[in-house]
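Raw coords_3.cif, mmCIF, C-alpha atoms:
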```cif
data_structure
loop_
_atom_site.label_atom_id
_atom_site.label_comp_id
_atom_site.auth_asym_id
_atom_site.auth_seq_id
_atom_site.Cartn_x
_atom_site.Cartn_y
_atom_site.Cartn_z
CA MET A 1 -11.52 63.13 139.21
CA THR A 2 -14.50 65.37 139.74
CA THR A 3 -17.59 64.34 137.75
CA GLY A 4 -21.28 65.08 137.13
CA ALA A 5 -23.09 67.84 139.00
CA THR A 6 -20.10 68.33 141.37
CA ARG A 7 -17.96 69.61 138.51
CA ALA A 8 -20.88 71.77 137.30
CA VAL A 9 -20.60 73.96 140.36
CA GLU A 10 -16.81 73.93 140.88
CA GLU A 11 -16.33 77.00 138.72
CA THR A 12 -17.88 79.35 141.26
CA SER A 13 -18.05 77.54 144.62
CA ARG A 14 -15.04 75.29 145.20
CA GLY A 15 -14.81 75.70 148.94
CA SER A 16 -18.48 75.55 149.60
CA LEU A 17 -18.99 72.00 148.38
CA GLU A 18 -17.00 70.28 151.12
CA SER A 19 -18.95 71.87 153.90
CA SER A 20 -22.22 71.10 152.14
CA GLN A 21 -21.53 67.37 151.98
CA GLU A 22 -22.09 66.75 155.69
CA ASP A 23 -24.83 64.21 156.33
CA ASP A 24 -26.29 63.73 159.80
CA GLY A 25 -28.32 60.70 158.70
CA THR A 26 -31.65 62.43 159.12
CA THR A 27 -34.29 62.76 156.41
CA ARG A 28 -35.15 66.36 155.59
CA GLU A 29 -38.83 67.01 155.01
CA ARG A 30 -39.57 68.26 151.53
CA ARG A 31 -42.38 70.21 150.06
CA SER A 32 -44.49 67.95 147.91
CA GLY A 33 -45.76 69.90 144.95
CA SER A 34 -46.30 69.61 141.24
CA THR A 35 -43.56 72.21 140.54
CA SER A 36 -40.85 70.43 142.53
CA VAL A 37 -37.71 69.39 140.65
CA ALA A 38 -37.02 65.67 140.38
CA LEU A 39 -33.23 65.30 140.32
CA VAL A 40 -31.49 62.23 138.86
CA ALA A 41 -27.67 62.17 139.00
CA PRO A 42 -26.56 58.59 139.60
CA THR A 43 -22.77 59.18 139.66
CA GLY A 44 -21.31 59.25 143.20
CA ARG A 45 -22.76 62.01 145.40
CA ASP A 46 -23.51 64.36 142.51
CA GLY A 47 -27.26 64.32 143.18
CA ALA A 48 -27.01 65.14 146.88
CA VAL A 49 -24.46 67.89 146.27
CA ALA A 50 -26.54 69.47 143.50
CA ALA A 51 -29.67 69.40 145.67
CA ARG A 52 -27.90 71.24 148.50
CA ILE A 53 -26.45 73.80 146.13
CA LEU A 54 -29.96 74.56 144.80
CA GLU A 55 -31.54 74.80 148.26
CA PRO A 56 -30.44 78.43 148.95
CA ALA A 57 -32.14 79.42 145.68
CA ASP A 58 -35.44 78.15 147.16
CA ILE A 59 -35.74 75.48 144.46
CA ASP A 60 -37.39 72.44 145.95
CA THR A 61 -35.65 69.29 144.71
CA ILE A 62 -36.44 65.62 145.22
CA LEU A 63 -33.41 63.34 144.84
CA CYS A 64 -34.31 60.21 142.87
CA LYS A 65 -32.28 57.04 142.62
CA ASP A 66 -33.17 56.45 138.95
CA MET A 67 -35.31 57.62 136.05
CA GLU A 68 -38.17 55.27 136.89
CA GLU A 69 -38.65 56.93 140.28
CA ALA A 70 -38.46 60.42 138.78
CA CYS A 71 -41.05 59.58 136.13
CA ARG A 72 -43.39 58.15 138.78
CA LEU A 73 -43.16 61.41 140.73
CA VAL A 74 -44.16 63.39 137.64
CA GLU A 75 -47.03 61.01 136.86
CA ARG A 76 -48.37 61.37 140.43
CA GLY A 77 -48.05 65.16 140.31
CA GLU A 78 -45.39 65.25 143.03
CA ALA A 79 -42.82 66.79 140.68
CA GLY A 80 -43.17 68.93 137.59
CA VAL A 81 -39.59 69.48 136.34
CA LEU A 82 -36.91 66.89 135.56
CA PHE A 83 -33.24 67.76 136.19
CA LEU A 84 -31.09 64.97 134.78
CA ALA A 85 -27.47 64.12 134.38
CA GLU A 86 -26.77 62.41 131.08
CA GLU A 87 -25.54 59.34 132.98
CA ALA A 88 -29.14 58.68 134.12
CA LEU A 89 -30.25 58.01 130.56
CA ASP A 90 -29.18 54.44 130.08
CA ARG A 91 -31.45 52.29 127.90
CA LYS A 92 -33.95 51.65 130.69
CA GLY A 93 -33.92 55.31 131.71
CA ARG A 94 -34.51 56.49 128.13
CA ASP A 95 -37.44 54.08 127.76
CA SER A 96 -39.04 55.33 130.98
CA LEU A 97 -38.65 58.96 129.93
CA ALA A 98 -39.96 58.28 126.43
CA THR A 99 -43.04 56.58 127.89
CA LEU A 100 -43.65 59.54 130.20
CA LEU A 101 -43.40 62.02 127.33
CA ASP A 102 -45.65 60.00 125.04
CA ASN A 103 -48.39 59.65 127.68
CA GLN A 104 -48.62 63.28 128.75
CA PRO A 105 -52.07 64.86 128.81
CA SER A 106 -52.79 67.56 126.25
CA TRP A 107 -52.05 70.43 128.66
CA SER A 108 -48.66 69.04 129.79
CA ASP A 109 -45.16 69.59 128.37
CA VAL A 110 -42.82 68.57 131.21
CA PRO A 111 -39.70 70.77 131.26
CA ILE A 112 -36.51 68.68 131.26
CA ILE A 113 -33.05 70.08 132.04
CA LEU A 114 -30.32 67.72 130.84
CA LEU A 115 -26.63 68.09 131.75
CA THR A 116 -24.45 66.76 128.93
CA GLY A 117 -20.72 66.05 128.80
CA GLU A 118 -18.13 68.73 128.14
CA ASP A 119 -17.93 69.79 124.46
CA GLU A 120 -20.70 67.32 123.63
CA LEU A 121 -22.96 69.96 122.12
CA SER A 122 -20.25 71.12 119.70
CA SER A 123 -21.01 68.08 117.53
CA SER A 124 -24.20 66.23 116.62
CA LEU A 125 -26.22 64.71 119.45
CA PRO A 126 -26.13 60.99 120.14
CA ARG A 127 -29.10 59.16 118.62
CA GLY A 128 -30.74 58.50 122.01
CA LEU A 129 -30.66 62.17 123.05
CA GLU A 130 -31.76 63.31 119.61
CA ASP A 131 -34.91 61.14 119.79
CA LEU A 132 -35.80 62.42 123.27
CA ALA A 133 -35.16 66.03 122.31
CA ALA A 134 -37.58 65.62 119.41
CA ARG A 135 -40.28 64.24 121.73
CA GLY A 136 -40.14 66.59 124.68
CA ASN A 137 -39.39 70.02 126.10
CA ILE A 138 -35.70 69.37 126.76
CA THR A 139 -33.06 72.01 127.50
CA LEU A 140 -29.47 70.77 127.03
CA ILE A 141 -26.73 72.29 129.20
CA GLU A 142 -23.08 71.51 128.62
CA ARG A 143 -20.79 71.03 131.64
CA PRO A 144 -19.30 72.91 133.38
CA VAL A 145 -22.16 75.30 134.20
CA ARG A 146 -22.27 78.13 136.73
CA VAL A 147 -24.69 77.93 139.64
CA ALA A 148 -26.37 81.23 138.66
CA THR A 149 -26.98 79.93 135.13
CA LEU A 150 -28.37 76.65 136.43
CA THR A 151 -30.75 78.27 138.91
CA THR A 152 -31.98 80.73 136.27
CA ILE A 153 -32.76 77.89 133.86
CA LEU A 154 -34.52 75.85 136.56
CA ARG A 155 -36.62 78.82 137.67
CA SER A 156 -37.70 79.38 134.07
CA ALA A 157 -38.63 75.71 133.82
CA ILE A 158 -40.67 75.94 137.05
CA ARG A 159 -42.51 79.03 135.78
CA ALA A 160 -43.28 77.20 132.53
CA ARG A 161 -44.68 74.28 134.52
CA GLU A 162 -46.81 76.64 136.62
CA ARG A 163 -48.32 78.06 133.44
CA GLN A 164 -49.08 74.54 132.25
CA LEU A 165 -50.80 73.80 135.56
CA ASP A 166 -52.87 76.95 135.12
CA VAL A 167 -53.97 75.60 131.75
CA LYS A 168 -54.77 72.27 133.41
CA ASP A 169 -57.00 74.02 135.95
CA LEU A 170 -58.81 75.82 133.14
CA VAL A 171 -59.24 72.58 131.18
CA LEU A 172 -60.58 70.70 134.21
CA SER A 173 -62.85 73.61 135.12
CA GLU A 174 -64.19 73.76 131.57
CA ARG A 175 -64.81 70.01 131.54
CA ALA A 176 -66.59 70.17 134.90
CA SER A 177 -68.72 73.08 133.72
CA ARG A 178 -69.57 71.26 130.51
CA ARG A 179 -70.48 68.11 132.44
CA GLN A 180 -72.70 70.11 134.82
CA ALA A 181 -74.36 71.87 131.88
CA GLU A 182 -75.00 68.55 130.14
CA GLU A 183 -76.47 67.08 133.32
CA ALA A 184 -78.66 70.15 133.84
CA ASN A 185 -79.77 70.03 130.21
CA LYS A 186 -80.59 66.33 130.54
CA ALA A 187 -82.59 66.98 133.72
CA LYS A 188 -84.45 69.81 131.97
CA SER A 189 -85.31 67.60 129.00
CA GLN A 190 -86.51 64.80 131.27
CA PHE A 191 -88.62 67.25 133.24
CA LEU A 192 -90.18 68.71 130.10
CA ALA A 193 -90.94 65.26 128.72
CA THR A 194 -92.52 64.13 131.99
CA MET A 195 -94.56 67.27 132.48
CA SER A 196 -95.73 67.29 128.87
CA HIS A 197 -96.94 63.71 129.20
CA GLU A 198 -98.75 64.47 132.46
CA LEU A 199 -100.46 67.51 130.92
CA ARG A 200 -101.58 65.70 127.78
CA THR A 201 -103.59 63.14 129.72
CA PRO A 202 -106.18 65.56 131.20
CA LEU A 203 -106.31 67.53 127.94
CA ASN A 204 -107.27 64.42 126.03
CA ALA A 205 -109.98 63.79 128.60
CA ILE A 206 -111.29 67.36 128.09
CA ALA A 207 -111.40 66.77 124.33
CA GLY A 208 -113.29 63.50 124.78
CA TYR A 209 -115.95 64.90 127.08
CA THR A 210 -116.36 67.95 124.85
CA GLN A 211 -117.10 65.72 121.88
CA LEU A 212 -119.62 63.70 123.93
CA LEU A 213 -121.46 66.89 124.86
CA GLU A 214 -121.45 68.14 121.26
CA LEU A 215 -122.99 64.83 120.13
CA GLY A 216 -125.89 65.44 122.52
CA LEU A 217 -125.41 62.23 124.48
CA HIS A 218 -126.38 64.08 127.67
CA GLY A 219 -129.28 65.96 126.17
CA PRO A 220 -129.81 68.71 123.60
CA LEU A 221 -127.70 71.90 123.74
CA THR A 222 -128.54 75.47 122.92
CA SER A 223 -126.61 77.41 120.29
CA ALA A 224 -124.84 79.40 123.04
CA GLN A 225 -123.76 76.18 124.72
CA LEU A 226 -122.45 74.81 121.43
CA GLU A 227 -120.40 77.99 120.91
CA ASP A 228 -118.92 77.59 124.39
CA LEU A 229 -118.01 73.98 123.67
CA GLU A 230 -116.36 75.07 120.43
CA ARG A 231 -114.25 77.58 122.36
CA ILE A 232 -113.33 74.90 124.89
CA ASP A 233 -112.34 72.50 122.11
CA ARG A 234 -110.34 75.19 120.26
CA SER A 235 -108.47 76.15 123.45
CA GLN A 236 -107.81 72.50 124.25
CA ARG A 237 -106.35 71.86 120.79
CA HIS A 238 -104.22 74.98 121.03
CA LEU A 239 -102.83 74.01 124.43
CA LEU A 240 -102.21 70.45 123.24
CA SER A 241 -100.27 71.83 120.27
CA LEU A 242 -98.04 73.86 122.60
CA ILE A 243 -97.41 70.83 124.79
CA ASN A 244 -96.59 68.67 121.77
CA ASP A 245 -94.01 71.24 120.66
CA ILE A 246 -92.35 71.09 124.07
CA LEU A 247 -92.47 67.29 124.09
CA ASN A 248 -90.95 67.07 120.59
CA PHE A 249 -88.20 69.49 121.52
CA ALA A 250 -87.43 67.52 124.70
CA LYS A 251 -87.21 64.31 122.65
CA ILE A 252 -84.78 65.91 120.21
CA GLU A 253 -82.56 67.22 122.99
CA ALA A 254 -82.66 63.85 124.78
CA GLY A 255 -81.59 62.09 121.55
CA ARG A 256 -84.76 60.01 121.26
CA VAL A 257 -85.75 61.04 117.73
CA GLU A 258 -85.12 58.61 114.88
CA VAL A 259 -84.97 59.65 111.24
CA GLU A 260 -85.88 56.98 108.66
CA ALA A 261 -84.20 58.07 105.44
CA SER A 262 -85.84 56.66 102.31
CA THR A 263 -86.99 57.77 98.87
CA VAL A 264 -89.71 60.44 99.23
CA ASP A 265 -92.13 61.38 96.46
CA VAL A 266 -92.11 65.16 96.88
CA HIS A 267 -95.23 65.72 94.75
CA ARG A 268 -97.30 63.34 96.89
CA ILE A 269 -96.29 65.13 100.08
CA LEU A 270 -97.02 68.59 98.68
CA GLU A 271 -100.36 67.44 97.29
CA GLY A 272 -101.65 66.47 100.74
CA LEU A 273 -100.53 69.54 102.68
CA LYS A 274 -103.45 71.89 101.96
CA GLU A 275 -105.96 69.77 103.86
CA PHE A 276 -103.92 70.20 107.04
CA VAL A 277 -104.10 74.01 106.91
CA GLU A 278 -107.39 74.54 105.04
CA PRO A 279 -109.33 75.72 108.14
CA GLN A 280 -106.65 78.29 108.97
CA LEU A 281 -106.61 79.55 105.38
CA GLN A 282 -110.37 79.95 105.31
CA GLU A 283 -110.49 81.67 108.69
CA LYS A 284 -108.24 84.50 107.40
CA ASN A 285 -109.49 84.34 103.79
CA LEU A 286 -105.97 83.70 102.49
CA LYS A 287 -105.21 82.78 98.88
CA PHE A 288 -103.16 79.59 98.58
CA GLU A 289 -101.02 78.88 95.49
CA GLN A 290 -99.30 75.54 95.07
CA CYS A 291 -96.81 74.55 92.40
CA GLU A 292 -97.59 71.72 90.02
CA ASN A 293 -94.03 71.10 88.85
CA ALA A 294 -92.89 68.59 91.49
CA PHE A 295 -93.73 65.48 89.43
CA ASP A 296 -90.95 62.87 89.33
CA ILE A 297 -88.91 64.76 91.96
CA ARG A 298 -87.70 62.50 94.76
CA ALA A 299 -85.72 63.33 97.85
CA CYS A 300 -83.76 61.22 100.30
CA ALA A 301 -85.51 61.97 103.59
CA ASP A 302 -88.06 60.87 106.20
CA SER A 303 -91.52 61.53 104.73
CA ASP A 304 -93.20 62.05 108.10
CA LYS A 305 -90.55 64.54 109.21
CA VAL A 306 -90.73 66.40 105.89
CA ARG A 307 -94.51 66.68 106.23
CA GLN A 308 -94.14 67.88 109.85
CA ILE A 309 -91.66 70.59 108.80
CA LEU A 310 -93.77 71.85 105.90
CA ILE A 311 -96.98 71.98 107.98
CA ASN A 312 -95.11 74.04 110.56
CA LEU A 313 -93.76 76.44 107.89
CA LEU A 314 -97.24 76.82 106.37
CA SER A 315 -98.83 77.38 109.80
CA ASN A 316 -96.27 80.07 110.59
CA ALA A 317 -96.85 81.77 107.25
CA ILE A 318 -100.61 81.82 107.88
CA LYS A 319 -100.14 83.06 111.43
CA PHE A 320 -98.05 86.05 110.40
CA THR A 321 -99.98 87.00 107.26
CA SER A 322 -102.81 89.51 107.45
CA PRO A 323 -106.33 88.57 106.29
CA ASN A 324 -106.81 88.43 102.48
CA GLY A 325 -103.09 87.82 102.01
CA LYS A 326 -101.38 85.13 99.94
CA ILE A 327 -99.41 81.97 100.75
CA SER A 328 -97.37 80.13 98.10
CA LEU A 329 -95.80 76.67 98.05
CA GLU A 330 -93.13 76.05 95.42
CA CYS A 331 -90.61 73.32 94.60
CA THR A 332 -87.41 73.42 92.56
CA ALA A 333 -84.60 70.92 92.15
CA ASP A 334 -81.16 70.51 90.66
CA ASP A 335 -78.92 67.47 90.31
CA THR A 336 -78.18 67.14 94.04
CA THR A 337 -80.80 69.02 96.06
CA VAL A 338 -84.54 69.60 96.31
CA LYS A 339 -85.80 72.98 97.56
CA ILE A 340 -89.35 73.43 98.86
CA SER A 341 -90.23 77.06 99.60
CA VAL A 342 -93.12 78.55 101.59
CA SER A 343 -93.62 82.26 100.90
CA ASP A 344 -96.06 84.84 102.24
CA ASN A 345 -96.78 88.54 101.89
CA GLY A 346 -97.00 89.13 105.62
CA ASN A 347 -95.19 91.48 107.96
CA GLY A 348 -91.64 90.27 107.24
CA ILE A 349 -88.80 89.81 109.72
CA PRO A 350 -86.18 92.39 110.74
CA PRO A 351 -82.71 91.55 109.33
CA ASP A 352 -81.13 91.32 112.80
CA LYS A 353 -83.70 88.70 113.83
CA LEU A 354 -83.28 86.25 110.96
CA GLU A 355 -81.04 83.92 112.98
CA ALA A 356 -82.78 84.42 116.32
CA ILE A 357 -86.04 82.95 115.05
CA PHE A 358 -84.40 79.50 114.86
CA GLU A 359 -83.46 79.58 118.56
CA PRO A 360 -85.68 77.64 121.01
CA PHE A 361 -88.46 79.61 122.73
CA VAL A 362 -87.92 82.66 120.52
CA GLN A 363 -90.90 84.18 118.74
CA VAL A 364 -89.81 87.38 117.09
CA GLY A 365 -93.29 88.21 115.80
CA ARG A 366 -94.38 89.19 119.28
CA GLU A 367 -91.93 92.06 119.27
CA PHE A 368 -92.78 93.83 116.03
CA SER A 369 -96.23 92.72 114.88
CA THR A 370 -99.53 91.74 116.35
CA GLY A 371 -99.11 89.35 119.25
CA GLN A 372 -99.08 85.69 118.26
CA SER A 373 -99.40 82.70 120.52
CA GLY A 374 -97.03 79.74 120.55
CA THR A 375 -93.97 78.36 122.25
CA GLY A 376 -91.42 79.60 119.72
CA LEU A 377 -90.20 76.00 119.26
CA GLY A 378 -91.58 75.20 115.81
CA LEU A 379 -88.70 76.57 113.75
CA ALA A 380 -86.07 75.23 116.14
CA ILE A 381 -87.57 71.74 115.88
CA SER A 382 -88.02 71.99 112.12
CA ARG A 383 -84.44 73.07 111.40
CA ASP A 384 -83.07 70.39 113.70
CA LEU A 385 -85.08 67.72 111.88
CA ALA A 386 -84.00 69.09 108.50
CA ARG A 387 -80.34 68.92 109.44
CA ARG A 388 -80.71 65.36 110.71
CA MET A 389 -81.85 64.51 107.17
CA HIS A 390 -78.70 66.25 105.80
CA GLY A 391 -80.78 69.23 104.71
CA ASP A 392 -81.44 72.69 106.14
CA ILE A 393 -83.97 75.51 106.48
CA THR A 394 -83.10 79.02 105.34
CA VAL A 395 -85.07 82.25 105.31
CA GLN A 396 -85.22 85.44 103.22
CA SER A 397 -87.38 88.28 104.42
CA GLU A 398 -88.11 91.97 103.96
CA LEU A 399 -90.14 94.07 106.35
CA GLY A 400 -93.53 94.97 104.92
CA VAL A 401 -93.06 92.65 101.93
CA GLY A 402 -93.04 89.12 103.33
CA SER A 403 -90.86 86.08 103.96
CA VAL A 404 -89.68 82.96 102.16
CA PHE A 405 -88.72 79.88 104.19
CA SER A 406 -86.94 77.17 102.16
CA LEU A 407 -86.43 73.54 103.09
CA THR A 408 -83.55 71.91 101.20
CA LEU A 409 -83.08 68.15 101.08
CA PRO A 410 -80.67 65.84 99.25
CA ARG A 411 -82.15 64.66 95.97
CA GLU A 412 -82.53 60.93 95.45
CA PRO A 413 -80.88 59.77 92.19
CA ASP A 414 -83.13 58.14 89.62
CA GLY A 415 -83.27 54.38 89.97
CA PRO A 416 -84.67 51.68 92.29
CA ASN A 417 -85.75 52.81 95.74
CA PRO A 418 -82.99 52.20 98.29
CA PRO A 419 -83.83 50.54 101.62
CA ALA A 420 -84.73 52.78 104.58
CA ARG A 421 -81.80 53.93 106.68
CA SER A 422 -82.39 54.62 110.38
CA ARG A 423 -80.51 57.45 112.06
CA ARG A 424 -80.97 58.15 115.75
CA ALA A 425 -80.55 61.71 116.95
CA PRO A 426 -76.99 62.19 118.32
#
```

Serialized structure, structure tokens:
Amino acid sequence: MTTGATRAVEETSRGSLESSQEDDGTTRERRSGSTSVALVAPTGRDGAVAARILEPADIDTILCKDMEEACRLVERGEAGVLFLAEEALDRKGRDSLATLLDNQPSWSDVPIILLTGEDELSSSLPRGLEDLAARGNITLIERPVRVATLTTILRSAIRARERQLDVKDLVLSERASRRQAEEANKAKSQFLATMSHELRTPLNAIAGYTQLLELGLHGPLTSAQLEDLERIDRSQRHLLSLINDILNFAKIEAGRVEVEASTVDVHRILEGLKEFVEPQLQEKNLKFEQCENAFDIRACADSDKVRQILINLLSNAIKFTSPNGKISLECTADDTTVKISVSDNGNGIPPDKLEAIFEPFVQVGREFSTGQSGTGLGLAISRDLARRMHGDITVQSELGVGSVFSLTLPREPDGPNPPARSRRAP
């Protein structure tokens, strides 16, 4: 009786099989590639005959003695399509195939061509085949099958595998690119942190010697010399501020910033802000209005980070407001959030720039108003810190009218103060 793959080709090539069964005992070299077909047909010489029948169609096949060998070839990338006779799926064979299917990477869906018995597909599938068909990309072919049909199905399976391999290349390329970008970003952050530290040291020395000269420890100074020292000190403080911005940004990117979440008395923080910006307000003769309705409002946040954010928002408002203008500080709250808003009547921000201003090293004011100094990192750092405290910073602005920057934070429920919770930057 003719069985297996031999019967599958009898319909169209009866005489050709006998001549194709000659074996000179030599091992034919095979192409090793991830789209080769691993063939498992354990009955008689079915596997060898099927392989020789497929050879004229330029379908590279690797004859395997059992399912375990075929699965190993797929795992090693030496085969990409499985061509199986149903007889190969005994219990051990089904377990090996199930393991292979369950452990595939995300890009892989190994095509499997399975030859079933005659008239087997006219009724429900056996339980073993039904489970495998539900797990994998399995095409069932009922015997007998014509050679042309078989080769067409196998070529389609090979093309499907090639597309999967293209996806694999894209996935690996994307992962490599992401890894390189992360390494480059880490190197950049380390460089910025190192350079910032090295620059701060001589600047602190400049500040110290300037103060010694101003105190007259090396003799009395003329009014012109005192003015020069004041300029030196002002420039030193400005440069130190820029370097601190870069250092803070590098720390955030490197994941070395910790946020201590605790109960924050919002009124106490707002009450102490004016002294930090008083010299800037006086220099431009700006009117400063501060709300007095923040009593008994508490937020869940890091008090130092909240103060840092608000000082930055106030400094920006002062910087971009013309002399004799007005700066306002307000606070509102509902059951779940606290909103602290800094408003000004300065130049305003173009609508298409409202998101760009939160990007690192972007300072939109330089493009549409009088030139302003700075790194363009303040808002990027502030929004990052706000989000680490489960809050955010938003902005509303109108050209020629002014801007309102709002810091929102989660409100702390009334009751005993909870213990501090430390959160390291991810």

Neighbours of point (-96.0, 62.6, 101.7) within 9 Å, using all atoms listed in the file, written as number ranges by chain = A: 264-273, 303-304, 306-307

For region 80-93 of chain A, please output as a PyMOL selection string all residues within 8 Å (counting only C-alpha atoms; exclusion window: fewer than 3 positions along the same chain).
-> chain A and resi 4-5+33-43+66-68+70+74+77+96-97+110-117+157-158+161

Quick one: apply the PyMOL selection byres ((chain A and resi 338) around 9) to the file and drop the selected residues here as a short mmCIF file (atom, residue, chain, number, x, y, z; two decimals) with C-alpha atoms, keeping the file's coordinate frame.
```
data_model
loop_
_atom_site.label_atom_id
_atom_site.label_comp_id
_atom_site.auth_asym_id
_atom_site.auth_seq_id
_atom_site.Cartn_x
_atom_site.Cartn_y
_atom_site.Cartn_z
CA VAL A 266 -92.11 65.16 96.88
CA ILE A 297 -88.91 64.76 91.96
CA ARG A 298 -87.70 62.50 94.76
CA ALA A 299 -85.72 63.33 97.85
CA CYS A 331 -90.61 73.32 94.60
CA THR A 332 -87.41 73.42 92.56
CA ALA A 333 -84.60 70.92 92.15
CA ASP A 334 -81.16 70.51 90.66
CA ASP A 335 -78.92 67.47 90.31
CA THR A 336 -78.18 67.14 94.04
CA THR A 337 -80.80 69.02 96.06
CA LYS A 339 -85.80 72.98 97.56
CA ILE A 340 -89.35 73.43 98.86
CA LEU A 407 -86.43 73.54 103.09
CA THR A 408 -83.55 71.91 101.20
CA LEU A 409 -83.08 68.15 101.08
CA PRO A 410 -80.67 65.84 99.25
CA ARG A 411 -82.15 64.66 95.97
CA GLU A 412 -82.53 60.93 95.45
#
```

Shell around Arg234 (chain A) at 10 Å using all atoms listed in the file, local window under 6 positions removed, as an NGL selection string | :A and (207 or 228 or 240)

What residues come out when you apply the PyMOL selection byres ((chain A and resi 301) around 6) to this file, written as a ChimeraX atom specification?
-> /A:261-262,299-300,302,389

With C-alpha atoms retained, export the selected residues as a PDB file, in the frame of the given file.
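And here's again-v3.pdb as it stands now:
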```
ATOM      1  CA  ALA A 261     -84.200  58.070 105.440  1.00  0.00           C
ATOM      2  CA  SER A 262     -85.840  56.660 102.310  1.00  0.00           C
ATOM      3  CA  ALA A 299     -85.720  63.330  97.850  1.00  0.00           C
ATOM      4  CA  CYS A 300     -83.760  61.220 100.300  1.00  0.00           C
ATOM      5  CA  ASP A 302     -88.060  60.870 106.200  1.00  0.00           C
ATOM      6  CA  MET A 389     -81.850  64.510 107.170  1.00  0.00           C
TER       7      MET A 389
END
```

Neighbourhood query: residues within 12 Å of (-111.2, 84.8, 99.9), file coordinates, counting all atoms listed in the file; return as a list of chain:residue names.
->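 Here the neighbourhood of the point contains A:Leu281, A:Gln282, A:Glu283, A:Lys284, A:Asn285, A:Leu286, A:Lys287, A:Phe288, A:Pro323, A:Asn324, A:Gly325, A:Lys326.
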
What does the file look like for those residues with C-alpha atoms, as a short mmCIF file (atom, residue, chain, number, x, y, z; two decimals), keeping the file's coordinate frame?
```cif
data_model
loop_
_atom_site.label_atom_id
_atom_site.label_comp_id
_atom_site.auth_asym_id
_atom_site.auth_seq_id
_atom_site.Cartn_x
_atom_site.Cartn_y
_atom_site.Cartn_z
CA LEU A 281 -106.61 79.55 105.38
CA GLN A 282 -110.37 79.95 105.31
CA GLU A 283 -110.49 81.67 108.69
CA LYS A 284 -108.24 84.50 107.40
CA ASN A 285 -109.49 84.34 103.79
CA LEU A 286 -105.97 83.70 102.49
CA LYS A 287 -105.21 82.78 98.88
CA PHE A 288 -103.16 79.59 98.58
CA PRO A 323 -106.33 88.57 106.29
CA ASN A 324 -106.81 88.43 102.48
CA GLY A 325 -103.09 87.82 102.01
CA LYS A 326 -101.38 85.13 99.94
#
```

Evaluate the PyMOL selection byres ((chain A and resi 252) around 12) here and jot the selected residues down as a ChimeraX atom specification.
-> /A:185-186,189-190,192-193,245-251,253-259,360,377,380-385,388,424-426

Of A:Asn244, A:Thr152, A:Thr210, A:Thr222, the one sitting nearest His197 (chain A) when using only C-alpha atoms is A:Asn244

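Residue nearest Pro56 (chain A) within the list A:Val147, A:Leu399, A:Leu329, A:Leu313: A:Val147 [criterion: smallest interatomic distance, only C-alpha atoms].
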
Measure the distance from CA of Glu162 (chain A) to CA of Val49 (chain A) in Å and round it to one decimal.
-> 25.9 Å

To one decimal in Å, tell me the separation between CA of Ala79 (chain A) and CA of Ala50 (chain A).
->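 That distance, rounded to one decimal, is 16.7 Å.
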
Of the candidates A:Ala205, A:Gln308, A:Ala386, A:Ser106, which one gets nearest to Gln164 (chain A) if we count only C-alpha atoms?
-> A:Ser106

Restricting the calculation to all atoms listed in the file, which member of A:Pro279, A:Pro351, A:Gly44, A:Gly346 is positioned closest to Phe320 (chain A)?
->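 Of A:Pro279, A:Pro351, A:Gly44, A:Gly346, the one nearest Phe320 (chain A), counting all atoms listed in the file, is A:Gly346.
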
Interatomic distance, CA of Ile141 (chain A) to CA of Pro105 (chain A) (Å, one decimal) |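 If I compute the distance from CA of Ile141 (chain A) to CA of Pro105 (chain A), I get 26.4 Å.
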
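Ranking A:Ile243, A:Leu314, A:Leu226, A:Ala294 by their shortest atom-to-atom distance to Phe276 (chain A), with all atoms listed in the file included, puts A:Leu314 first.
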
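Remark: for Leu212 (chain A), the closest of the candidate residues A:Glu227, A:Asp46, A:Glu260, A:Asp233 is A:Asp233 (distances computed over only C-alpha atoms).
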